[in-house]
Structures are given as structure tokens and as C-alpha cells.
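Trainee: Before I ask anything, here is the structure I am working with.
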Amino acid sequence: MEKKECRMFRSDTAYLLYLRQQKSLPSKEEIKRQTEKKKDILLYKGACQKCGISCVSRFKHQIGSTDIDLSNSCLNKLELLAILYTIKTGHTIRDLNLSGTNMDILSSRYLSNFLKHNKTLNNLNISKCLVHGEILKTIVAALLTSQVRTLDVGKNNIQDRDNKMVALLINHKTLKELYLSHNKLETRNTRPIELSFASSSLEILDLSWNCIRFTGAVDISRGLMRNKSLLRLNLSWNGFGFEGCVALAEMLKSNNILTELDLTNNRIHPPALIALIRGLAQNKTLKLLNLSLNPIPASYSCILFGNILQNTSLNHLILKKMVVNGEFVELLRNVQQTRDVQVEFEKPLPVPSLDHQTMTNQVRAPWLFNLDPLALLFMLKEKNRAQDFFNKINRDGDNVLSYDEFKELFKRAGVPVSQLVLDKIIEFLDKNKDGSIDLSEFLDGDKRMKKITRGHAKENLRRESYTKYSRSFRKAKIDAKTFRLDIESNQ
């Protein structure tokens, strides 16, 4: 039979005092937690004494918590050692924020040892910690054996030489969110990152502010074609431009997972956006697209952005700091009557829209965006001898090449060039700076150009697989191996 306690009270006041005391008494779990916290504080103080340092009061107040926030505490390696020693085993730590800690190779070893022993950590923030090179390599080796699901390594000066380590992080099976913003992945050695996407389990990836452009943009886009898990991708403040948009369009045609894509400030001009729209029109899963701060004039907005609204499955288009015209606003109202769609933009301007034919003529003109002027000149030379090419340019037979003769050469070839292009060619060839090019200067320039070409032969071979993404090669039909030039007749 269960025993029940029976108490008698002389007054209501005594009874109320008794109830108050009962409520204030800690539970068994609370007593146990407080006891463990006191032990951990003693353990931490002992570790600090051994290291000869003072206790970090900010950490001491958080002992016993599952979330440890030490951001911007500027911990040195001994302070970090004492903290990690205290929470290494026997503690349930879910979130650990060490951002702003100046890590060296010893600090990275301490953190690696902690990651190997602690199996409860879910979220780790080591942004602004100078984690790159050997330090990054040491930490990545430990992370691969951990259960971390969210990792922030932003603002660490991670460069293209660290791309193999970045690829290992992307390929980590338990990692779901990876933040790599404000680093320097750039354009070289991005092939490992491309290959890592195929077996990645990431759901959120932030690659913003990384100077990713040309071959880097193409590699990342091609890797995403084989990805089966990524839902949100942030590529803002890079330089994807035309090449990147062509590669992204190919990715969007085959990718049926991605739901959010941020392309803020990526040098996406009208030709690049047209290339991107071709992929958007065939994608059925993307719901949010951010194109803020890209150079799209208001007169193009009705045709280009209207095409996105009418022919894609997007329900949220972000155009912050960008203006549109009144016709686009009217088109948006009509689309909103048929489906739920939201568009954010700066404001509408009273600018008339270009008609479709005018816009097509402007964006499809055969301008050569990505070719060096000197390379362009010597492409026209083809297999002719330098002296024969000189005579071909020198129409008046005075054995001196002038600005007008170079201009006429490109005009006959059907290649429109600007004055800046011609100035660069003459500056390269004109050694005595008299404004004209004689035969000896032209032959000397030909030799120097061949030397430069030989020096970049290896790079040219590597670029062959990227030429199909370039506006220059697509519009001018320049063969990647022979570099023969053939301007499209319909331009």
C-alpha cells in the first residue's frame, strides 16, 4: 500500500509558505546538473592553471550548456586548449562557435582532437579563424570522422590551392550545410570541386564572394549537373557572366532538385540572361531566383523578366536595386491573376520597351567579348608567313602599317572592333612609338607573339573543354584547336 505524507498547518499562511518552499526545491535532475557543472568548472580551472592562463569568464558562464558561443573572443591557443579539454568527452555539445579565433597549426590540432572524441556536435562555426592551407587540411581530416551537419568556414582566405580540401568537405556524407563565403576559390584548380558534387549530401551551399569566374564557374556548374541533394545554392557576388550562365543553363535543364538560386551581382548582362533563360524554361523545381544588382537595363525588363515569369515555374523573383519599366509591371499584374508569383524590384521607370527584333539585333551582334586583341590579330594571319601577312595589310604599298589599315583589315574579315582594340595592337607592335608599324617591327612582334603563344600552350589545351561556354567561340565560330575564324553569316 502506497504511503502518503499528511501534514497539518496552523494557518493558511503556513500552508502557502510550505508550497513556496516545495516549488523552490530543485529536482533530482537539476541537482545532478548543478553537481556536474561544478565539477566541470573545477576541471576547467585546473586546466587553466596547468596552462598558466586566466579563465575565460564568457566560457565559464556557459559550462553545462549545449550551445557554446565564443565568437569574436580572440582566443589564443592555450585558452582554446583548456576549453576544448573541458568539453571534449562526456558532454552533449550541439553548437560550437569559435569564429574570430586566430588559429595556428597547434590550435588546429587541439580542435581536431576534440572533433575526433566528441560525437554530439552538430554545428561548428570557425569563420574568420585564418583556417587555410595546412590548418584547413588538419581540421578537414578530423571533420571527416565527425557527425557535424553544419559547417561555416567563411572569411578564412581559403584559396584555389585548398580546393582539394573543399572538395572533401562537399563530399562529406553527414554534412548538410556548408558556408564558404568571402574566400578566394577563383578560377584555377576547381576540377576537384566539380567531381565532388556527384556524391555530395549537401542541402545548402554558400559560395558567395569567392571571385569565381570563367573556368571556375563552368566547373562548378558542370558538377551540379550530377548532384542529387542540393536544395539552396548561393553564388552571389562572383563573376559568372556569360560563360557561367551558359553552363548554369545546361545544369538547370538536367537538375531536378535545386529550389533556390542566388546570382546577385554576377555580371549578368542581357546576352547572359538570355542564355540562362533557356535553362530556366526547362527546369521544374527552381522556385526562387535572385538576380539583384546585375546590369539589365529597364528597356529589356519586359521581354527578359517577362519571359522568366511566363515560361518558368518560379514563384519568387528578386531584383533588388534594379529598375523595370511600366510594361513589365503591367505584365506582372496579368501573371499574378493566373498564378501566385512575387517579384521584388527597386521601382518602375517610364522607359519604353525594346521590340523583340531590336533587342535580338543588339544582343546577338558579333562582338568578341573574351578574346585578346593580339590573339585576334594573329588568328587572322592563319598560316601565312609574317611578311605575306604584312603585305596583305599594307594596301597602299608604302611598307608602313597605319591605324586605318588595321581597321580596314578587321572590317574585311567581318570582325567589328573598337578603337581600344586597335590601340592595344599598335601599342604592342610599335616599338619606337612613332604611330606606325614598319616591317621590322611587325616581324619582331610576330616573334614575341609566338613566344607568348608557346608559353600558354598548356593553358590553351586545358581551355578546350570550356570554349563551348564562351560567347566569343559560340558567336564567332573559332575552332578551339586550329583557331580559324569564321563569323556567322546571320549576325
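We name chains A, B, ... following the order of the C-alpha cells; residues begin at 1 in each chain, and ligands are numbered from 1 as shown.
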Just asking: which residues within stretch 269-434 of chain A are strand (DSSP E) according to DSSP, as a list in words?

Mentor: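 Strand (DSSP E) members of stretch 269-434 of chain A, listed: Leu288, Leu289, Asn290, His316, Leu317, Ile318, Leu319, Lys320, Lys321, Met322, Val323, Val324, Asn325, Gln342, Val343, Glu344, Phe345, Glu346, Lys347, Pro348, Leu349, Val400 and Leu401 of chain A.
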
Trainee: May I ask which of the residues A:Cys211, A:Leu195, A:Leu205, A:Val324 is the closest one to A:Arg226, counting only C-alpha atoms?

Mentor: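 Between A:Cys211, A:Leu195, A:Leu205, A:Val324, the residue approaching A:Arg226 most closely is A:Leu195.
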
Trainee: I want to know what sits within 12 Å of A:Cys302, based on only C-alpha atoms, with residues of the same chain fewer than 6 positions away left out; could you give that as JSON, numbers by chain?

Mentor: {"A": [296, 308, 309, 310, 323, 324, 325, 326, 327, 328, 329, 330, 331, 332, 348, 349, 351, 352, 353, 354, 355, 356, 359]}

Trainee: For those residues, write C-alpha atoms to a file as a PDB file, in the first residue's frame.

Mentor:
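And here is the file that came out, result03.pdb:
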```
ATOM      1  CA  ILE A 296      19.939  44.599 -67.099  1.00  0.00           C
ATOM      2  CA  ILE A 308      11.037  34.242 -66.925  1.00  0.00           C
ATOM      3  CA  LEU A 309       7.618  34.816 -65.339  1.00  0.00           C
ATOM      4  CA  GLN A 310       5.653  33.309 -68.227  1.00  0.00           C
ATOM      5  CA  VAL A 323      14.664  49.213 -62.159  1.00  0.00           C
ATOM      6  CA  VAL A 324      11.995  47.970 -64.559  1.00  0.00           C
ATOM      7  CA  ASN A 325       9.569  49.748 -66.872  1.00  0.00           C
ATOM      8  CA  GLY A 326       5.816  50.202 -66.727  1.00  0.00           C
ATOM      9  CA  GLU A 327       5.121  47.473 -69.269  1.00  0.00           C
ATOM     10  CA  PHE A 328       6.784  44.891 -67.040  1.00  0.00           C
ATOM     11  CA  VAL A 329       4.647  45.986 -64.077  1.00  0.00           C
ATOM     12  CA  GLU A 330       1.515  45.527 -66.193  1.00  0.00           C
ATOM     13  CA  LEU A 331       2.685  42.105 -67.367  1.00  0.00           C
ATOM     14  CA  LEU A 332       3.373  41.130 -63.726  1.00  0.00           C
ATOM     15  CA  PRO A 348       9.348  51.278 -62.392  1.00  0.00           C
ATOM     16  CA  LEU A 349      10.584  53.938 -64.815  1.00  0.00           C
ATOM     17  CA  VAL A 351      11.029  53.803 -70.265  1.00  0.00           C
ATOM     18  CA  PRO A 352       9.619  52.169 -73.407  1.00  0.00           C
ATOM     19  CA  SER A 353      10.399  48.511 -74.004  1.00  0.00           C
ATOM     20  CA  LEU A 354      12.519  47.456 -76.945  1.00  0.00           C
ATOM     21  CA  ASP A 355      10.730  45.360 -79.507  1.00  0.00           C
ATOM     22  CA  HIS A 356      11.900  41.767 -79.815  1.00  0.00           C
ATOM     23  CA  MET A 359      16.743  43.568 -78.744  1.00  0.00           C
TER      24      MET A 359
END
```

Trainee: Please measure the separation of atom CA of A:Leu180 and atom CA of A:Tyr85, giving the value in Å to one decimal.

Mentor: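 Taking atom CA of A:Leu180 and atom CA of A:Tyr85, their separation equals 27.6 Å.
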
Trainee: Choose the residue, out of A:Asn125, A:Thr174, A:Asn265, A:Asn97, that has the smallest atom-to-atom separation from A:Ser236; count only C-alpha atoms.

Mentor: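 Among A:Asn125, A:Thr174, A:Asn265, A:Asn97, it is A:Asn265 that comes nearest to A:Ser236.
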